[in-house]
2 protein chains.
Amino acid sequence: MGISEDIKQEKFKNELNKAIINIVYTNSWLNTRQAGLFKDYGLTMPQYNVLRILRGQHPKPATVNLLIDRMLDKSSNASRIVDKLEAKNLVIRKQCSNDRRAVDVLISDAGLELLKKIDSKLDKWEQDLCGLSEEECAQLNHLLDKLRT
Amino acid sequence: MGISEDIKQEKFKNELNKAIINIVYTNSWLNTRQAGLFKDYGLTMPQYNVLRILRGQHPKPATVNLLIDRMLDKSSNASRIVDKLEAKNLVIRKQCSNDRRAVDVLISDAGLELLKKIDSKLDKWEQDLCGLSEEECAQLNHLLDKLRT
DNA sequence: TTAATTTAGATGTTGTTACAATAAATGTAA
DNA sequence: TTACATTTATTGTAACAACATCTAAATTAA
């Protein structure tokens with residue numbers, strides 16, 4: 001059952017066209033499946049991604065600009081995502097000492113703990129997911145990287 | 001320049017984890033680039049996709065359910081997308097004769113014309129896009145399909 | 001130093017998505 | 001035929017995204 005059956009479209013202009021549609025469709029497919037996982041913990045996907053970036057920085061802080069730079073989906077509003085996370089006490093926001101325009105955002109202990117819980121679920125989810133071998137995944141990564149060059 | 005440099009994350013749990021992130025990132029990368037193209041014609045991406053499905057059906061009509069079934073991003077609200085397209089006279093909506101609950105949606109001549117214009121731009125855009133050969137695209141399609149099984 | 005420019009982040013507005021609730025038509029079973 | 005469940009599509013609402021605008025701080029140039 002490939003993309004062609006999934007969206008009931010028999011013909012594509014060429015393989016590139018099909019690949020572009022396939023990426024969009026697969027992304028949506030992944031989203032649908034992952035979203036439920038996050039929602040159990042009261043997080044949206046963008047919120048989870050920001051938390052992950054903050055953990056990557058930990059114990060160093062991140063500025064909002066750094067978050068924007070690294071977010072998977074640049075379109076979302078980092079400032080307001082941080083608002084939401086702060087309201088849930090998952091991050092700490094304080095003015096940066098050497099540049100008072102900037103804001104230091106840090107993941108809190110509660111944030112780290114929450115991520116740990118989610119990640120173990122996510123691990124299992126990923127394991128269950130996949131018909132691809134490690135080598136095939138590597139190949140997929142190579143092709144996606146090359147597509148974007 | 002691969003995904004690792006793009007999002008400044010050196011380590012990934014494994015290639016599958018990296019691939020999932022890579023798909024999400026590549027999707028967003030494609031979106032950003034395509035969105036401008038559609039916006040020139042006053043369409044959003046979901047609106048364009050619905051129009052494409054309707055052209056695929058043409059001259060047969062599609063019900064709203066069929067649209068939902070085939071949309072790349074199931075999350076969007078087909079009924080309201082059709083509203084928008086109808087307001088621009090790109091589609092025609094009328095009650096289905098043999099099931100009065102259902103609605104027949106048809107692409108209009110104006111819709112077909114608009115698609116033709118967009119597609120020629122899109123063709124060029126796709127051509128310019130890509131460092132991947134036809135064969136590599138086919139391989140990418142194969143891997144994405146297999147991921148979803 | 002002052003004035004203009006740039007940068008960081010927050011906020012306002014508009015439109016869209018997500019999800020639940022609804023309404024209307026159809027199907028099913030007593 | 002009536003009652004109840006199911007299907008089809010629309011609508012209401014709250015949250016969110018997209019995009020422009022704004023404020024404050026820092027940088028640059030005169």
# chains A, B, ... in the order shown; residues from 1 in each chain; ligands from 1
call {"tool": "closest_atom_pairs", "arguments": {"of": "chain B", "to": "chain A", "cutoff": "9 Å", "atoms": "only C-alpha atoms", "output": "JSON lines"}}
result
{"residue": "B:Met1", "atom": "CA", "partner": "A:Asp145", "partner_atom": "CA", "distance": 7.3}
{"residue": "B:Gly2", "atom": "CA", "partner": "A:Asp145", "partner_atom": "CA", "distance": 5.0}
{"residue": "B:Ile3", "atom": "CA", "partner": "A:Asp145", "partner_atom": "CA", "distance": 6.3}
{"residue": "B:Asp6", "atom": "CA", "partner": "A:Arg70", "partner_atom": "CA", "distance": 7.7}
{"residue": "B:Ile7", "atom": "CA", "partner": "A:Arg70", "partner_atom": "CA", "distance": 4.9}
{"residue": "B:Lys8", "atom": "CA", "partner": "A:Arg70", "partner_atom": "CA", "distance": 6.8}
{"residue": "B:Gln9", "atom": "CA", "partner": "A:Gly56", "partner_atom": "CA", "distance": 8.0}
{"residue": "B:Asn14", "atom": "CA", "partner": "A:Glu134", "partner_atom": "CA", "distance": 7.7}
{"residue": "B:Glu15", "atom": "CA", "partner": "A:Cys137", "partner_atom": "CA", "distance": 5.4}
{"residue": "B:Leu16", "atom": "CA", "partner": "A:Cys137", "partner_atom": "CA", "distance": 5.5}
{"residue": "B:Asn17", "atom": "CA", "partner": "A:Glu126", "partner_atom": "CA", "distance": 7.4}
{"residue": "B:Lys18", "atom": "CA", "partner": "A:Asn141", "partner_atom": "CA", "distance": 7.3}
{"residue": "B:Ala19", "atom": "CA", "partner": "A:Asn141", "partner_atom": "CA", "distance": 5.5}
{"residue": "B:Ile20", "atom": "CA", "partner": "A:Leu30", "partner_atom": "CA", "distance": 8.0}
{"residue": "B:Ile21", "atom": "CA", "partner": "A:Leu72", "partner_atom": "CA", "distance": 7.9}
{"residue": "B:Asn22", "atom": "CA", "partner": "A:Asn141", "partner_atom": "CA", "distance": 6.7}
{"residue": "B:Ile23", "atom": "CA", "partner": "A:Asn27", "partner_atom": "CA", "distance": 6.2}
{"residue": "B:Val24", "atom": "CA", "partner": "A:Asn27", "partner_atom": "CA", "distance": 5.7}
{"residue": "B:Tyr25", "atom": "CA", "partner": "A:Leu72", "partner_atom": "CA", "distance": 5.2}
{"residue": "B:Thr26", "atom": "CA", "partner": "A:Leu144", "partner_atom": "CA", "distance": 7.0}
{"residue": "B:Asn27", "atom": "CA", "partner": "A:Val24", "partner_atom": "CA", "distance": 5.7}
{"residue": "B:Ser28", "atom": "CA", "partner": "A:Asp73", "partner_atom": "CA", "distance": 5.7}
{"residue": "B:Trp29", "atom": "CA", "partner": "A:Arg148", "partner_atom": "CA", "distance": 7.9}
{"residue": "B:Leu30", "atom": "CA", "partner": "A:Ile20", "partner_atom": "CA", "distance": 8.0}
{"residue": "B:Asn31", "atom": "CA", "partner": "A:Val24", "partner_atom": "CA", "distance": 8.6}
{"residue": "B:Thr32", "atom": "CA", "partner": "A:Ser75", "partner_atom": "CA", "distance": 8.4}
{"residue": "B:Ile53", "atom": "CA", "partner": "A:Gln9", "partner_atom": "CA", "distance": 8.7}
{"residue": "B:Gly56", "atom": "CA", "partner": "A:Gln9", "partner_atom": "CA", "distance": 7.9}
{"residue": "B:Asp69", "atom": "CA", "partner": "A:Ile7", "partner_atom": "CA", "distance": 7.6}
{"residue": "B:Arg70", "atom": "CA", "partner": "A:Ile7", "partner_atom": "CA", "distance": 4.8}
{"residue": "B:Met71", "atom": "CA", "partner": "A:Ile7", "partner_atom": "CA", "distance": 7.2}
{"residue": "B:Leu72", "atom": "CA", "partner": "A:Tyr25", "partner_atom": "CA", "distance": 5.1}
{"residue": "B:Asp73", "atom": "CA", "partner": "A:Ser28", "partner_atom": "CA", "distance": 5.7}
{"residue": "B:Lys74", "atom": "CA", "partner": "A:Ser28", "partner_atom": "CA", "distance": 7.6}
{"residue": "B:Ser75", "atom": "CA", "partner": "A:Thr32", "partner_atom": "CA", "distance": 8.3}
{"residue": "B:Asp123", "atom": "CA", "partner": "A:Asn17", "partner_atom": "CA", "distance": 8.7}
{"residue": "B:Glu126", "atom": "CA", "partner": "A:Asn17", "partner_atom": "CA", "distance": 7.4}
{"residue": "B:Gln127", "atom": "CA", "partner": "A:Leu16", "partner_atom": "CA", "distance": 8.7}
{"residue": "B:Leu129", "atom": "CA", "partner": "A:Leu147", "partner_atom": "CA", "distance": 7.8}
{"residue": "B:Cys130", "atom": "CA", "partner": "A:Leu147", "partner_atom": "CA", "distance": 5.8}
{"residue": "B:Gly131", "atom": "CA", "partner": "A:Leu147", "partner_atom": "CA", "distance": 5.7}
{"residue": "B:Leu132", "atom": "CA", "partner": "A:Leu147", "partner_atom": "CA", "distance": 5.9}
{"residue": "B:Ser133", "atom": "CA", "partner": "A:Leu16", "partner_atom": "CA", "distance": 8.2}
{"residue": "B:Glu134", "atom": "CA", "partner": "A:Glu15", "partner_atom": "CA", "distance": 5.8}
{"residue": "B:Glu135", "atom": "CA", "partner": "A:Glu15", "partner_atom": "CA", "distance": 7.8}
{"residue": "B:Glu136", "atom": "CA", "partner": "A:Leu143", "partner_atom": "CA", "distance": 7.3}
{"residue": "B:Cys137", "atom": "CA", "partner": "A:Glu15", "partner_atom": "CA", "distance": 5.4}
{"residue": "B:Ala138", "atom": "CA", "partner": "A:Glu15", "partner_atom": "CA", "distance": 5.6}
{"residue": "B:Gln139", "atom": "CA", "partner": "A:Leu143", "partner_atom": "CA", "distance": 8.5}
{"residue": "B:Leu140", "atom": "CA", "partner": "A:Leu140", "partner_atom": "CA", "distance": 6.4}
{"residue": "B:Asn141", "atom": "CA", "partner": "A:Ala19", "partner_atom": "CA", "distance": 5.5}
{"residue": "B:His142", "atom": "CA", "partner": "A:Gly2", "partner_atom": "CA", "distance": 7.8}
{"residue": "B:Leu143", "atom": "CA", "partner": "A:Leu140", "partner_atom": "CA", "distance": 6.5}
{"residue": "B:Leu144", "atom": "CA", "partner": "A:Thr26", "partner_atom": "CA", "distance": 7.0}
{"residue": "B:Asp145", "atom": "CA", "partner": "A:Gly2", "partner_atom": "CA", "distance": 5.0}
{"residue": "B:Lys146", "atom": "CA", "partner": "A:Gly131", "partner_atom": "CA", "distance": 6.2}
{"residue": "B:Leu147", "atom": "CA", "partner": "A:Gly131", "partner_atom": "CA", "distance": 5.7}
{"residue": "B:Arg148", "atom": "CA", "partner": "A:Thr26", "partner_atom": "CA", "distance": 7.3}
{"residue": "B:Thr149", "atom": "CA", "partner": "A:Gly131", "partner_atom": "CA", "distance": 6.5}
call {"tool": "select_by_dssp", "arguments": {"residues": "range 12-119 of chain B", "states": "alpha helix (DSSP H)", "output": "MDAnalysis selection string"}}
result
chainID B and resid 15:39 45:57 64:70 78:87 109:119
call {"tool": "interface_residues", "arguments": {"of": "chain C", "to": "chain A", "cutoff": "8 Å", "atoms": "only C-alpha atoms (C1' of nucleotides)", "output": "PyMOL selection string"}}
result
chain C and resi 8-10
call {"tool": "select_by_dssp", "arguments": {"residues": "range 4-144 of chain B", "states": "strand (DSSP E)", "output": "MDAnalysis selection string"}}
result
chainID B and resid 91:95 103:107
call {"tool": "residues_around", "arguments": {"residues": "DA21 in chain C", "least_positions_apart": "6", "cutoff": "12 Å", "atoms": "only C-alpha atoms (C1' of nucleotides)", "output": "list in words"}}
result
DT10, DT11, DG12 and DT13 of chain D
call {"tool": "interface_residues", "arguments": {"of": "chain D", "to": "chain B", "cutoff": "9 Å", "atoms": "only C-alpha atoms (C1' of nucleotides)", "output": "PyMOL selection string"}}
result
chain D and resi 7-10
call {"tool": "residues_around", "arguments": {"residues": "Arg93 in chain A", "least_positions_apart": "5", "cutoff": "8 Å", "atoms": "only C-alpha atoms (C1' of nucleotides)", "output": "PyMOL selection string"}}
result
chain A and resi 86+103-106
call {"tool": "residues_around", "arguments": {"residues": "DT28 in chain C", "least_positions_apart": "4", "cutoff": "12 Å", "atoms": "only C-alpha atoms (C1' of nucleotides)", "output": "list in words"}}
result
DT2, DA3, DC4, DA5 and DT6 of chain D
call {"tool": "residues_around", "arguments": {"residues": "range 11-20 of chain C", "least_positions_apart": "3", "cutoff": "9 Å", "atoms": "only C-alpha atoms (C1' of nucleotides)", "output": "ChimeraX atom specification"}}
result
/B:75-77 /D:12-13,15-18,20-22
call {"tool": "atom_distance", "arguments": {"atom1": "CA of Asp83 in chain A", "atom2": "CA of Ala35 in chain A"}}
result
20.2 Å
call {"tool": "decode", "arguments": {"residues": "range 74-88 of chain A", "atoms": "N, CA and C atoms", "output": "compact mmCIF listing (two decimals), in the first residue's frame"}}
result
# COMPACT_ATOMS: atom_id res chain seq x y z
N LYS A 74 9.37 26.58 11.63
CA LYS A 74 9.74 27.96 11.91
C LYS A 74 8.54 28.88 12.02
N SER A 75 7.40 28.43 11.50
CA SER A 75 6.29 29.35 11.37
C SER A 75 5.64 29.67 12.70
N SER A 76 5.81 28.80 13.66
CA SER A 76 5.09 29.05 14.90
C SER A 76 5.78 30.13 15.74
N ASN A 77 5.04 30.68 16.65
CA ASN A 77 5.48 31.84 17.41
C ASN A 77 6.14 31.41 18.71
N ALA A 78 7.46 31.45 18.70
CA ALA A 78 8.23 30.92 19.82
C ALA A 78 7.88 31.62 21.13
N SER A 79 7.68 32.92 21.05
CA SER A 79 7.43 33.68 22.26
C SER A 79 6.18 33.17 22.98
N ARG A 80 5.15 32.92 22.22
CA ARG A 80 3.90 32.48 22.85
C ARG A 80 3.95 31.02 23.26
N ILE A 81 4.74 30.23 22.57
CA ILE A 81 4.92 28.85 23.01
C ILE A 81 5.60 28.84 24.38
N VAL A 82 6.59 29.71 24.54
CA VAL A 82 7.26 29.82 25.83
C VAL A 82 6.27 30.28 26.90
N ASP A 83 5.38 31.20 26.53
CA ASP A 83 4.30 31.61 27.46
C ASP A 83 3.57 30.40 28.03
N LYS A 84 3.15 29.55 27.11
CA LYS A 84 2.35 28.38 27.51
C LYS A 84 3.15 27.46 28.42
N LEU A 85 4.40 27.24 28.05
CA LEU A 85 5.24 26.34 28.84
C LEU A 85 5.52 26.93 30.21
N GLU A 86 5.67 28.24 30.23
CA GLU A 86 5.92 28.91 31.51
C GLU A 86 4.70 28.79 32.43
N ALA A 87 3.53 28.95 31.83
CA ALA A 87 2.29 28.83 32.61
C ALA A 87 2.17 27.46 33.26
N LYS A 88 2.75 26.46 32.61
CA LYS A 88 2.71 25.10 33.16
C LYS A 88 3.94 24.80 34.01
